[in-house]
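Chemist: Structure file query.cif, mmCIF, C-alpha atoms and all ligand atoms, is pasted below:
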```cif
data_work
loop_
_atom_site.label_atom_id
_atom_site.label_comp_id
_atom_site.auth_asym_id
_atom_site.auth_seq_id
_atom_site.Cartn_x
_atom_site.Cartn_y
_atom_site.Cartn_z
CA MET A 1 118.36 101.19 106.69
CA ARG A 2 116.11 98.82 108.68
CA LYS A 3 115.25 95.65 106.79
CA ILE A 4 111.65 94.46 106.43
CA ARG A 5 111.23 91.64 108.96
CA VAL A 6 109.38 88.54 107.81
CA GLY A 7 108.07 85.38 109.50
CA ILE A 8 107.25 82.15 107.67
CA ALA A 9 104.49 79.92 109.09
CA GLY A 10 104.82 76.39 107.68
CA VAL A 11 108.09 75.06 106.28
CA GLY A 12 107.16 71.90 104.35
CA PHE A 13 107.43 72.12 100.56
CA ILE A 14 106.42 75.70 99.72
CA GLY A 15 107.54 77.57 102.87
CA PRO A 16 111.24 77.10 102.05
CA ALA A 17 110.52 78.24 98.47
CA HIS A 18 109.14 81.49 99.94
CA ILE A 19 112.30 81.87 102.05
CA GLU A 20 114.60 81.35 99.07
CA ALA A 21 112.67 83.83 96.93
CA LEU A 22 112.65 86.47 99.68
CA ARG A 23 116.42 86.11 100.11
CA ARG A 24 116.90 87.01 96.46
CA LEU A 25 115.35 90.45 97.08
CA PRO A 26 117.08 93.39 98.76
CA GLY A 27 115.99 94.93 102.08
CA ILE A 28 114.19 91.85 103.44
CA GLU A 29 115.15 89.60 106.35
CA VAL A 30 113.54 86.24 107.11
CA VAL A 31 113.53 86.38 110.91
CA SER A 32 111.49 83.38 112.09
CA ILE A 33 109.86 80.13 111.07
CA LEU A 34 106.97 78.09 112.53
CA HIS A 35 106.68 74.29 112.72
CA PRO A 36 104.10 72.52 114.95
CA ASP A 37 106.73 70.28 116.53
CA ALA A 38 109.24 72.13 118.77
CA ASP A 39 112.21 69.85 117.94
CA GLU A 40 111.44 69.96 114.23
CA ALA A 41 111.10 73.76 114.43
CA LYS A 42 114.65 74.01 115.74
CA ALA A 43 116.01 71.54 113.16
CA LYS A 44 114.24 73.34 110.28
CA ALA A 45 115.50 76.72 111.47
CA GLN A 46 119.08 75.42 111.41
CA GLN A 47 118.61 73.76 108.05
CA LEU A 48 117.13 76.94 106.57
CA GLY A 49 119.55 79.30 108.31
CA VAL A 50 116.80 81.23 110.11
CA GLU A 51 117.57 82.56 113.58
CA LYS A 52 114.25 82.30 115.42
CA TYR A 53 111.84 79.35 115.53
CA TYR A 54 108.43 78.78 117.09
CA SER A 55 105.89 75.99 117.45
CA ASP A 56 103.10 78.40 118.46
CA PHE A 57 101.75 80.87 115.90
CA ASP A 58 100.55 83.39 118.52
CA GLN A 59 104.09 83.59 119.86
CA GLN A 60 105.60 83.88 116.43
CA ILE A 61 103.50 86.92 115.48
CA ALA A 62 103.89 88.55 118.90
CA ASN A 63 107.70 88.49 118.79
CA ASP A 64 110.65 89.85 116.83
CA GLN A 65 108.89 93.01 115.57
CA LEU A 66 107.73 91.32 112.38
CA ASP A 67 106.41 93.48 109.54
CA SER A 68 104.87 90.64 107.55
CA ILE A 69 104.04 86.95 107.70
CA HIS A 70 103.76 84.28 104.99
CA ILE A 71 101.12 81.61 105.64
CA CYS A 72 102.44 78.35 104.13
CA THR A 73 100.55 75.83 106.29
CA PRO A 74 97.81 73.34 105.27
CA ASN A 75 94.69 75.03 103.92
CA PHE A 76 92.42 74.76 106.99
CA LEU A 77 94.84 76.97 108.96
CA HIS A 78 94.97 79.86 106.47
CA TYR A 79 91.83 81.67 107.67
CA GLU A 80 92.62 81.63 111.37
CA MET A 81 96.30 82.49 110.96
CA THR A 82 95.63 85.28 108.45
CA LYS A 83 92.97 86.79 110.71
CA LYS A 84 95.28 86.76 113.71
CA ALA A 85 98.13 88.26 111.71
CA LEU A 86 95.99 91.12 110.37
CA ASP A 87 94.67 91.75 113.89
CA ALA A 88 98.29 91.95 115.06
CA GLY A 89 99.01 94.59 112.38
CA LEU A 90 101.10 92.41 110.07
CA HIS A 91 101.06 92.46 106.28
CA VAL A 92 100.10 89.01 104.99
CA VAL A 93 101.11 86.86 102.04
CA CYS A 94 98.84 83.81 102.16
CA GLU A 95 99.21 80.63 100.17
CA LYS A 96 96.28 79.55 98.06
CA PRO A 97 93.52 78.82 98.87
CA LEU A 98 92.95 81.94 100.98
CA ALA A 99 90.46 80.03 103.18
CA THR A 100 88.24 76.96 102.92
CA THR A 101 84.86 78.75 102.59
CA ILE A 102 83.59 81.88 100.83
CA GLU A 103 82.35 83.26 104.18
CA GLU A 104 85.83 83.06 105.67
CA ALA A 105 87.29 84.71 102.57
CA ASP A 106 84.67 87.52 102.77
CA GLU A 107 85.71 88.17 106.33
CA LEU A 108 89.42 88.29 105.45
CA VAL A 109 88.82 90.66 102.52
CA ALA A 110 86.80 92.99 104.79
CA LEU A 111 89.39 92.86 107.57
CA ALA A 112 92.27 93.52 105.16
CA ASP A 113 90.36 96.49 103.69
CA LYS A 114 89.69 97.88 107.16
CA THR A 115 93.32 97.66 108.23
CA GLY A 116 94.80 98.86 104.93
CA LEU A 117 97.54 96.27 105.39
CA VAL A 118 99.16 94.70 102.35
CA ASN A 119 97.39 91.45 101.44
CA ALA A 120 98.46 89.02 98.74
CA VAL A 121 97.76 85.45 97.68
CA HIS A 122 100.58 83.40 96.18
CA PHE A 123 99.10 82.80 92.71
CA ASN A 124 102.66 82.59 91.42
CA ILE A 125 101.73 81.20 87.98
CA ARG A 126 100.84 84.78 87.02
CA TYR A 127 104.53 85.63 87.43
CA TYR A 128 105.91 83.53 84.61
CA PRO A 129 106.96 86.36 82.29
CA LEU A 130 105.12 84.79 79.34
CA ILE A 131 101.84 84.78 81.29
CA ARG A 132 102.12 88.55 81.73
CA GLN A 133 103.26 88.89 78.11
CA MET A 134 100.05 87.12 77.00
CA LYS A 135 98.01 89.48 79.19
CA ALA A 136 99.81 92.50 77.69
CA MET A 137 99.28 91.15 74.14
CA ARG A 138 95.56 90.74 74.84
CA GLU A 139 95.29 94.25 76.35
CA LYS A 140 97.02 95.75 73.29
CA GLY A 141 94.55 94.03 70.96
CA GLU A 142 97.05 91.57 69.48
CA LEU A 143 94.89 88.56 70.33
CA GLY A 144 91.60 90.05 69.14
CA GLU A 145 88.32 88.67 70.44
CA VAL A 146 88.81 85.58 72.61
CA PHE A 147 86.96 82.74 70.84
CA SER A 148 87.84 79.87 73.15
CA VAL A 149 90.00 78.87 76.09
CA MET A 150 91.41 75.44 76.88
CA GLY A 151 93.52 74.59 79.89
CA SER A 152 94.86 71.59 81.73
CA TYR A 153 96.86 71.09 84.89
CA LEU A 154 98.22 67.56 85.28
CA GLN A 155 100.35 65.99 88.01
CA ASP A 156 101.34 62.44 89.00
CA TRP A 157 102.34 62.74 92.66
CA LEU A 158 99.03 61.08 93.76
CA PHE A 159 99.15 58.47 90.94
CA TYR A 160 99.46 55.39 93.18
CA ASN A 161 96.94 54.47 95.89
CA THR A 162 99.90 54.47 98.29
CA ASP A 163 100.49 58.18 97.64
CA TYR A 164 99.14 60.14 100.60
CA ASN A 165 99.13 63.70 101.95
CA TRP A 166 96.97 65.98 104.12
CA ARG A 167 95.41 67.28 100.89
CA LEU A 168 93.40 64.00 100.73
CA GLU A 169 91.60 64.89 103.99
CA PRO A 170 88.72 67.39 103.56
CA ASP A 171 88.99 68.65 107.14
CA GLN A 172 92.52 69.86 106.36
CA SER A 173 92.30 70.64 102.66
CA GLY A 174 88.63 71.57 102.03
CA GLU A 175 85.83 69.81 100.13
CA SER A 176 87.59 69.98 96.77
CA ARG A 177 91.11 68.74 96.07
CA ALA A 178 92.31 68.79 92.43
CA ILE A 179 90.17 71.83 91.54
CA ALA A 180 91.04 73.78 94.70
CA ASP A 181 94.71 72.81 94.70
CA ILE A 182 95.70 73.15 91.03
CA GLY A 183 92.50 74.14 89.19
CA SER A 184 92.55 77.40 91.16
CA HIS A 185 95.94 78.33 89.63
CA LEU A 186 94.66 77.49 86.16
CA LEU A 187 91.38 79.40 86.44
CA ASP A 188 93.15 82.37 88.01
CA ALA A 189 95.66 82.46 85.14
CA LEU A 190 92.95 82.15 82.47
CA GLU A 191 90.84 85.02 83.85
CA TYR A 192 94.00 87.08 84.42
CA ILE A 193 95.30 86.69 80.86
CA THR A 194 91.99 87.03 79.02
CA GLY A 195 90.39 89.68 81.24
CA LEU A 196 87.21 87.58 80.95
CA LYS A 197 85.07 86.31 83.79
CA VAL A 198 83.71 82.79 84.02
CA THR A 199 79.91 83.18 84.23
CA ALA A 200 78.85 79.52 84.52
CA VAL A 201 80.40 76.11 85.03
CA MET A 202 79.47 72.48 84.28
CA ALA A 203 81.72 70.04 86.12
CA ASP A 204 82.34 66.29 86.13
CA PHE A 205 84.67 64.83 88.80
CA ASN A 206 86.26 61.42 89.22
CA THR A 207 87.88 59.87 92.24
CA VAL A 208 90.10 57.22 90.65
CA HIS A 209 91.36 55.78 93.94
CA LYS A 210 88.27 55.39 96.13
CA THR A 211 90.46 53.99 98.89
CA ARG A 212 94.05 54.98 99.61
CA LYS A 213 96.72 53.65 101.90
CA LYS A 214 97.46 56.25 104.55
CA PRO A 215 100.93 56.31 106.09
CA LEU A 216 100.87 55.79 109.84
CA LYS A 217 103.21 58.76 110.33
CA PRO A 218 102.88 62.31 108.88
CA ILE A 219 104.77 63.14 105.69
CA GLU A 220 105.38 66.33 103.75
CA THR A 221 104.43 66.97 100.14
CA TYR A 222 106.52 65.04 97.57
CA SER A 223 108.27 62.91 100.23
CA GLY A 224 105.91 59.84 100.20
CA LYS A 225 108.11 57.71 97.94
CA LEU A 226 110.26 56.62 100.89
CA LEU A 227 107.61 54.56 102.81
CA LYS A 228 107.17 50.71 102.94
CA ALA A 229 103.95 48.56 102.74
CA GLU A 230 103.67 47.93 106.50
CA ASP A 231 103.57 51.67 107.19
CA TYR A 232 99.99 52.14 105.76
CA ALA A 233 96.27 51.92 106.74
CA ASP A 234 93.30 51.85 104.25
CA VAL A 235 91.11 55.02 104.19
CA PRO A 236 88.16 56.02 101.94
CA ILE A 237 88.72 59.06 99.67
CA ASN A 238 85.94 61.59 99.02
CA THR A 239 87.70 64.27 96.97
CA GLU A 240 88.45 64.35 93.24
CA ASP A 241 91.63 62.99 91.66
CA TYR A 242 90.41 64.30 88.29
CA ALA A 243 87.94 66.94 87.07
CA SER A 244 86.79 68.40 83.77
CA VAL A 245 84.85 71.67 83.76
CA LEU A 246 83.06 73.32 80.83
CA LEU A 247 83.19 77.12 81.11
CA ARG A 248 81.03 79.97 79.81
CA PHE A 249 82.63 83.42 79.66
CA ASP A 250 81.16 86.90 79.87
CA ASN A 251 82.04 87.60 76.21
CA GLY A 252 79.60 84.85 75.15
CA HIS A 253 82.30 82.33 74.23
CA LYS A 254 83.27 79.04 75.83
CA GLY A 255 86.14 77.06 77.29
CA VAL A 256 87.13 73.90 79.10
CA VAL A 257 89.66 72.88 81.74
CA THR A 258 90.85 69.47 82.92
CA VAL A 259 92.86 68.81 86.05
CA SER A 260 94.33 65.55 87.31
CA GLN A 261 96.68 64.46 90.07
CA VAL A 262 96.90 60.87 88.76
CA SER A 263 98.41 61.45 85.31
CA ALA A 264 101.64 59.39 85.05
CA GLY A 265 104.68 61.32 83.89
CA ARG A 266 103.02 64.72 84.19
CA LYS A 267 105.00 66.11 87.13
CA ASN A 268 103.51 69.59 87.30
CA GLN A 269 102.25 70.57 83.87
CA LEU A 270 99.92 73.53 83.36
CA LYS A 271 99.01 74.06 79.70
CA LEU A 272 96.75 76.67 78.21
CA GLU A 273 95.59 77.57 74.75
CA ILE A 274 93.75 80.81 74.08
CA ALA A 275 92.25 81.12 70.62
CA GLY A 276 91.68 84.72 69.52
CA SER A 277 90.25 86.26 66.36
CA LYS A 278 93.76 87.39 65.32
CA GLN A 279 95.99 84.60 66.61
CA ASN A 280 96.27 81.68 68.96
CA LEU A 281 98.50 81.48 72.05
CA HIS A 282 99.73 78.23 73.59
CA TRP A 283 101.93 77.90 76.70
CA ASN A 284 103.20 74.97 78.78
CA SER A 285 104.57 75.54 82.30
CA GLU A 286 107.13 72.72 81.84
CA SER A 287 108.73 74.76 79.01
CA PRO A 288 107.89 78.14 80.51
CA ASN A 289 110.28 80.24 78.44
CA ASP A 290 108.51 79.62 75.10
CA LEU A 291 105.18 80.87 73.79
CA TRP A 292 103.69 79.32 70.65
CA ILE A 293 101.83 81.82 68.49
CA GLY A 294 99.53 80.30 65.85
CA ARG A 295 98.45 82.13 62.70
CA ARG A 296 96.04 81.18 59.90
CA ASP A 297 97.67 83.07 57.01
CA GLU A 298 101.35 83.04 57.86
CA ALA A 299 103.89 80.81 59.53
CA ASN A 300 103.44 80.03 63.22
CA ARG A 301 106.08 81.41 65.61
CA VAL A 302 107.71 80.70 68.93
CA LEU A 303 108.45 83.73 71.12
CA MET A 304 111.33 83.00 73.50
CA ARG A 305 111.46 84.78 76.85
CA ASP A 306 113.73 87.76 76.18
CA PRO A 307 113.25 91.16 77.82
CA SER A 308 114.26 92.92 74.61
CA LEU A 309 111.39 91.27 72.69
CA PHE A 310 108.67 91.61 75.35
CA HIS A 311 106.15 94.33 76.09
CA PRO A 312 107.50 96.54 78.93
CA GLU A 313 104.71 95.36 81.27
CA ALA A 314 106.10 91.80 81.05
CA ALA A 315 109.80 92.59 80.62
CA GLY A 316 109.79 93.87 84.23
CA LEU A 317 109.32 90.29 85.43
CA ILE A 318 112.55 89.12 83.78
CA SER A 319 115.87 89.26 85.66
CA PHE A 320 118.11 87.47 83.15
CA PRO A 321 118.68 87.94 79.40
CA GLY A 322 117.10 85.68 76.77
CA GLY A 323 118.46 82.12 76.74
CA HIS A 324 119.26 82.25 80.47
CA ASN A 325 116.22 80.27 81.51
CA GLU A 326 114.03 81.25 84.44
CA GLY A 327 111.38 79.03 86.05
CA PHE A 328 109.25 78.17 89.07
CA PRO A 329 111.46 79.71 91.81
CA ASP A 330 111.64 82.97 89.87
CA THR A 331 107.85 83.36 89.88
CA SER A 332 107.75 83.78 93.66
CA LYS A 333 110.66 86.21 93.58
CA GLN A 334 108.87 88.38 91.01
CA LEU A 335 105.57 88.24 92.94
CA PHE A 336 107.27 89.17 96.20
CA LYS A 337 109.16 92.00 94.46
CA GLU A 338 105.82 93.70 93.76
CA VAL A 339 104.30 92.81 97.14
CA TYR A 340 107.34 94.08 99.08
CA ALA A 341 107.36 97.37 97.16
CA ALA A 342 103.87 97.87 98.64
CA ILE A 343 105.02 96.75 102.11
CA ALA A 344 107.94 99.21 101.93
CA ALA A 345 105.40 101.94 101.11
CA GLY A 346 103.32 100.82 104.14
CA ASN A 347 99.92 99.86 102.79
CA GLN A 348 97.88 98.14 100.08
CA PRO A 349 97.80 100.23 96.87
CA ASP A 350 94.44 100.83 95.13
CA ASN A 351 94.87 98.46 92.20
CA PRO A 352 97.89 96.32 92.89
CA LEU A 353 99.42 94.24 90.11
CA TYR A 354 99.86 91.29 92.45
CA PRO A 355 97.02 88.88 93.36
CA THR A 356 95.14 90.00 96.46
CA PHE A 357 92.70 88.50 98.95
CA ARG A 358 89.93 89.48 96.49
CA ASP A 359 91.53 87.19 93.90
CA GLY A 360 91.76 84.49 96.57
CA ARG A 361 88.04 84.91 97.28
CA ARG A 362 87.24 84.77 93.54
CA GLU A 363 88.85 81.32 93.31
CA LEU A 364 86.89 80.08 96.33
CA ILE A 365 83.65 81.23 94.67
CA LEU A 366 84.52 79.41 91.42
CA CYS A 367 85.56 76.33 93.36
CA GLU A 368 82.29 76.22 95.29
CA ARG A 369 80.24 76.63 92.09
CA ILE A 370 82.25 73.83 90.44
CA LEU A 371 81.61 71.54 93.43
CA GLU A 372 77.89 72.35 93.27
CA SER A 373 77.77 71.64 89.53
CA ASN A 374 79.47 68.27 89.98
CA ARG A 375 77.11 67.40 92.85
CA THR A 376 73.90 68.43 91.05
CA GLU A 377 75.03 67.46 87.53
CA ARG A 378 73.92 70.79 86.01
CA TRP A 379 75.22 74.18 84.90
CA VAL A 380 75.76 76.58 87.82
CA GLU A 381 76.07 80.37 87.43
CA SER A 382 79.31 81.62 88.95
CA GLY A 383 78.14 85.09 90.03
CA LEU A 384 80.64 87.71 88.89
N1 LIG B 401 101.51 78.43 95.02
C1 LIG B 401 102.05 77.25 94.87
O1 LIG B 401 102.66 76.97 93.85
C2 LIG B 401 101.92 76.23 95.97
C3 LIG B 401 102.66 75.05 95.88
C4 LIG B 401 102.57 74.15 96.94
C5 LIG B 401 101.74 74.40 98.01
N2 LIG B 401 101.00 75.54 98.03
C6 LIG B 401 100.12 75.80 99.20
O2 LIG B 401 100.96 75.94 100.33
C7 LIG B 401 100.36 75.35 101.48
C8 LIG B 401 101.32 74.32 102.06
O3 LIG B 401 101.53 73.30 101.11
P1 LIG B 401 102.87 72.39 101.12
O4 LIG B 401 102.86 71.70 99.81
O5 LIG B 401 104.04 73.20 101.50
O6 LIG B 401 102.49 71.36 102.27
P2 LIG B 401 103.49 70.51 103.17
O7 LIG B 401 102.68 69.43 103.76
O8 LIG B 401 104.72 70.16 102.42
O9 LIG B 401 103.93 71.54 104.30
C9 LIG B 401 103.03 72.05 105.25
C10 LIG B 401 103.80 72.40 106.49
O10 LIG B 401 102.90 72.99 107.43
C11 LIG B 401 103.23 72.45 108.72
N3 LIG B 401 102.10 72.56 109.63
C12 LIG B 401 101.04 71.76 109.81
N4 LIG B 401 100.27 72.22 110.82
C13 LIG B 401 100.88 73.33 111.28
C14 LIG B 401 100.60 74.25 112.34
N5 LIG B 401 99.53 74.11 113.13
N6 LIG B 401 101.45 75.28 112.53
C15 LIG B 401 102.54 75.43 111.76
N7 LIG B 401 102.86 74.61 110.75
C16 LIG B 401 102.03 73.56 110.53
C17 LIG B 401 103.63 71.01 108.44
O11 LIG B 401 104.42 70.49 109.49
C18 LIG B 401 104.46 71.19 107.17
O12 LIG B 401 105.79 71.49 107.48
C19 LIG B 401 99.03 74.78 101.00
O13 LIG B 401 97.99 75.65 101.33
C20 LIG B 401 99.17 74.68 99.49
O14 LIG B 401 97.94 74.86 98.82
C21 LIG B 401 101.08 76.44 97.03
#
```
Take the structure in the file and give it back as structure tokens.
Ligand SMILES: NC(=O)c1ccc[n+]([C@@H]2O[C@H](COP(=O)([O-])OP(=O)(O)OC[C@H]3O[C@@H](n4cnc5c(N)ncnc54)[C@H](O)[C@@H]3O)[C@@H](O)[C@H]2O)c1
Modeler:
Amino acid sequence: MRKIRVGIAGVGFIGPAHIEALRRLPGIEVVSILHPDADEAKAKAQQLGVEKYYSDFDQQIANDQLDSIHICTPNFLHYEMTKKALDAGLHVVCEKPLATTIEEADELVALADKTGLVNAVHFNIRYYPLIRQMKAMREKGELGEVFSVMGSYLQDWLFYNTDYNWRLEPDQSGESRAIADIGSHLLDALEYITGLKVTAVMADFNTVHKTRKKPLKPIETYSGKLLKAEDYADVPINTEDYASVLLRFDNGHKGVVTVSQVSAGRKNQLKLEIAGSKQNLHWNSESPNDLWIGRRDEANRVLMRDPSLFHPEAAGLISFPGGHNEGFPDTSKQLFKEVYAAIAAGNQPDNPLYPTFRDGRRELILCERILESNRTERWVESGL
């Protein structure tokens, strides 16, 4: 049987993670990669064991009879590349954020709808089995009414003023950084689990390092630790290292999220706590196989990831028995498993389980409202 043929545009940090996840699924072949530098494209292709390599996106999508493309490039390229890929008849898996403005996202949603092609955004946090277990518990009434929601997403890879990356430059990353980059995962997960919509936001940002030392040569995410002092130039920083956002939900209750990229020792920690009228759920992405369940009138519990103890909706995201831990790389595999079932069928299903361009647009709307709230120092309605 013919394999589904996939191209990967962008092979820095996350592109290779897409390749590895795709290779763990049957019936899929990663055919080509894209890197802007021709020599690097060849070297990366060899390193990743991919046959074809390109330094021009138009050529990549025009060749090799691709069925789908994964957009893993810096944010400002997502809109243009996704549009071209849909126009060329390819199914698209786009990294978050889907675009850098709501208008661009509107256009991509409309174009994807018109073509009927499969469209997905890589909100992979949803694919930790315990995230879907929490969603299933809420849907089955085990959480009760959601009283409050607290979340945080903390990292330290931009802790020093010598840490630098394209994400610090608004023309490549967009106007928001910490909220768009990691807050989007957190807000997506919170709305996904609770089924609630954020109706209004009140945000307060902080740029801890107002000036940073930019390396004089380009570097990929997480590789900045290798540079020396003479390799830098001072540049002003206009995007947030830290943000806190108060939230109002459509059930009348409230929440709060905090994100930071300058929190020493927090490598990539997303935590959330959802307090319901029946029990309380707490989960930490750095110990993703455990869910703490709090009770008022009986002992608290810890539910370990185990397909035999999960609701069927969540057990389907588990490939290994309890005690055989799964983590970050497994989330992409599980997401792609659902996306590629749709690609094998040929078009976007009506209500896919996986996150779509509409979900990508939702996060851009929330992000823009959060930016406006921080700028104007007032509550801003999100618009549902
Ligand atoms: N879902 C997740 O968990 C997750 C995690 C990390 C990154 N991301 C997203 O993935 C995207 C990439 O992030 P990253 O951390 O891999 O960044 P990165 O800097 O490590 O890699 C980006 C790659 O894109 C390449 N690139 C730049 N311009 C290009 C062009 N014109 N054509 C082709 N390639 C080009 C760079 O050379 C580099 O190899 C971002 O949008 C980011 O938000 C998502």
Chemist: Check the smallest atom-to-atom distance from each of A:Ile125, A:Met1, A:Ile19, A:Val92 to Gly327 of chain A using all atoms listed in the file, then report the winner.
Modeler: A:Ile125
Chemist: Around (93.6, 88.6, 64.9) in the file's frame, which residues reach within 10 Å when counting all atoms listed in the file? Return as JSON, numbers by chain?
Modeler: {"A": [141, 142, 143, 144, 145, 146, 275, 276, 277, 278, 279, 280, 295, 296]}
Chemist: Limited to C-alpha atoms, could you put the picked residues into a file as a short mmCIF file (atom, residue, chain, number, x, y, z; two decimals), keeping the file's coordinate frame?
Modeler:
```
data_model
loop_
_atom_site.label_atom_id
_atom_site.label_comp_id
_atom_site.auth_asym_id
_atom_site.auth_seq_id
_atom_site.Cartn_x
_atom_site.Cartn_y
_atom_site.Cartn_z
CA GLY A 141 94.55 94.03 70.96
CA GLU A 142 97.05 91.57 69.48
CA LEU A 143 94.89 88.56 70.33
CA GLY A 144 91.60 90.05 69.14
CA GLU A 145 88.32 88.67 70.44
CA VAL A 146 88.81 85.58 72.61
CA ALA A 275 92.25 81.12 70.62
CA GLY A 276 91.68 84.72 69.52
CA SER A 277 90.25 86.26 66.36
CA LYS A 278 93.76 87.39 65.32
CA GLN A 279 95.99 84.60 66.61
CA ASN A 280 96.27 81.68 68.96
CA ARG A 295 98.45 82.13 62.70
CA ARG A 296 96.04 81.18 59.90
#
```
Chemist: Could you report the residues within 6 Å of ligand LIG 401 (chain B), using all atoms listed in the file, as a ChimeraX atom specification?
Modeler: /A:9-15,34-36,72-75,95-97,122-124,181,220-221
Chemist: Would you output that residue set with C-alpha atoms, as a CSV table (one decimal), in the frame of the given file?
Modeler:
```csv
chain,number,residue,atom,x,y,z
A,9,ALA,CA,104.5,79.9,109.1
A,10,GLY,CA,104.8,76.4,107.7
A,11,VAL,CA,108.1,75.1,106.3
A,12,GLY,CA,107.2,71.9,104.4
A,13,PHE,CA,107.4,72.1,100.6
A,14,ILE,CA,106.4,75.7,99.7
A,15,GLY,CA,107.5,77.6,102.9
A,34,LEU,CA,107.0,78.1,112.5
A,35,HIS,CA,106.7,74.3,112.7
A,36,PRO,CA,104.1,72.5,115.0
A,72,CYS,CA,102.4,78.4,104.1
A,73,THR,CA,100.6,75.8,106.3
A,74,PRO,CA,97.8,73.3,105.3
A,75,ASN,CA,94.7,75.0,103.9
A,95,GLU,CA,99.2,80.6,100.2
A,96,LYS,CA,96.3,79.6,98.1
A,97,PRO,CA,93.5,78.8,98.9
A,122,HIS,CA,100.6,83.4,96.2
A,123,PHE,CA,99.1,82.8,92.7
A,124,ASN,CA,102.7,82.6,91.4
A,181,ASP,CA,94.7,72.8,94.7
A,220,GLU,CA,105.4,66.3,103.8
A,221,THR,CA,104.4,67.0,100.1
```
Chemist: Using Å and a single decimal, report how far atom CA of Ile274 of chain A sits from atom CA of Met150 of chain A.
Modeler: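 Atom CA of Ile274 of chain A lies at a distance of 6.5 Å from atom CA of Met150 of chain A.
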Chemist: So that I can check the surroundings of segment 165-175 of chain A, please list as a ChimeraX atom specification every protein, DNA and RNA residue that reaches within 12 Å of it, counting all atoms listed in the file and ignoring chain neighbours fewer than 3 positions away.
Modeler: /A:12-13,73-79,96-102,157-158,161-162,178-182,207,209-225,235-241,261,364,367-372,375
Chemist: Contacts of Leu130 of chain A at 7 Å or less, counting all atoms listed in the file, minus same-chain residues fewer than 5 places along, as an MDAnalysis selection string?
Modeler: chainID A and resid 289 291 305
Chemist: Which is closest to Glu326 of chain A among A:Pro129, A:Met137, A:Arg301, A:Lys271, if we use only C-alpha atoms?
Modeler: A:Pro129
Chemist: From the set A:Leu303, A:Ala243, A:Leu335, A:Ala38, which residue has the shortest atom-to-atom contact distance to Gly322 of chain A, counting only C-alpha atoms?
Modeler: A:Leu303
Chemist: Identify which of the residues A:Arg5, A:His70, A:His185, A:Lys140 lies closest to Tyr127 of chain A, counting only C-alpha atoms when measuring atom-to-atom distances.
Modeler: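 Ranked by minimum distance to Tyr127 of chain A, first place goes to A:His185.
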Chemist: Between A:Thr258, A:Asp64, A:Thr331, A:Asn119, single out the one closest to Asp350 of chain A, counting all atoms listed in the file.
Modeler: A:Asn119
Chemist: For Leu22 of chain A, which residue among A:Asp163, A:Asp106, A:Glu381, A:Glu338 is the nearest when counting only C-alpha atoms?
Modeler: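 Selected residue with least distance to Leu22 of chain A: A:Glu338.
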Chemist: Any idea what the distance is between atom CA of Ser176 of chain A and atom CA of Val109 of chain A?
Modeler: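 Distance between the two atoms: 21.5 Å.
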Chemist: For a test of reading the model, state the distance in Å between atom CA of Ser148 of chain A and atom CA of Glu273 of chain A, rounded to one decimal.
Modeler: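 According to the coordinates, atom CA of Ser148 of chain A and atom CA of Glu273 of chain A are separated by 8.2 Å.
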Chemist: Could the centre and edge lengths of an axis-aligned box, enclosing all atoms of segment 314-325 of chain A in the file with 3 Å extra on each side, be given in Å to one decimal as JSON?
Modeler:
```
{"center_x": 112.7, "center_y": 87.1, "center_z": 81.2, "size_x": 19.2, "size_y": 19.6, "size_z": 14.9}
```
Chemist: Given the point (113.0, 82.0, 113.8) in the file's coordinates, find the residues that have an atom at most 12 Å from it, counting all atoms listed in the file, and give them as a PyMOL selection string.
Modeler: chain A and resi 5-11+19+29-35+38+41-57+59-61+63-66+69
Chemist: Within 8 Å of Ala344 of chain A, counting only C-alpha atoms, which residues qualify if same-chain residues fewer than 3 places away don't, as JSON, numbers by chain?
Modeler: {"A": [4, 340, 341]}
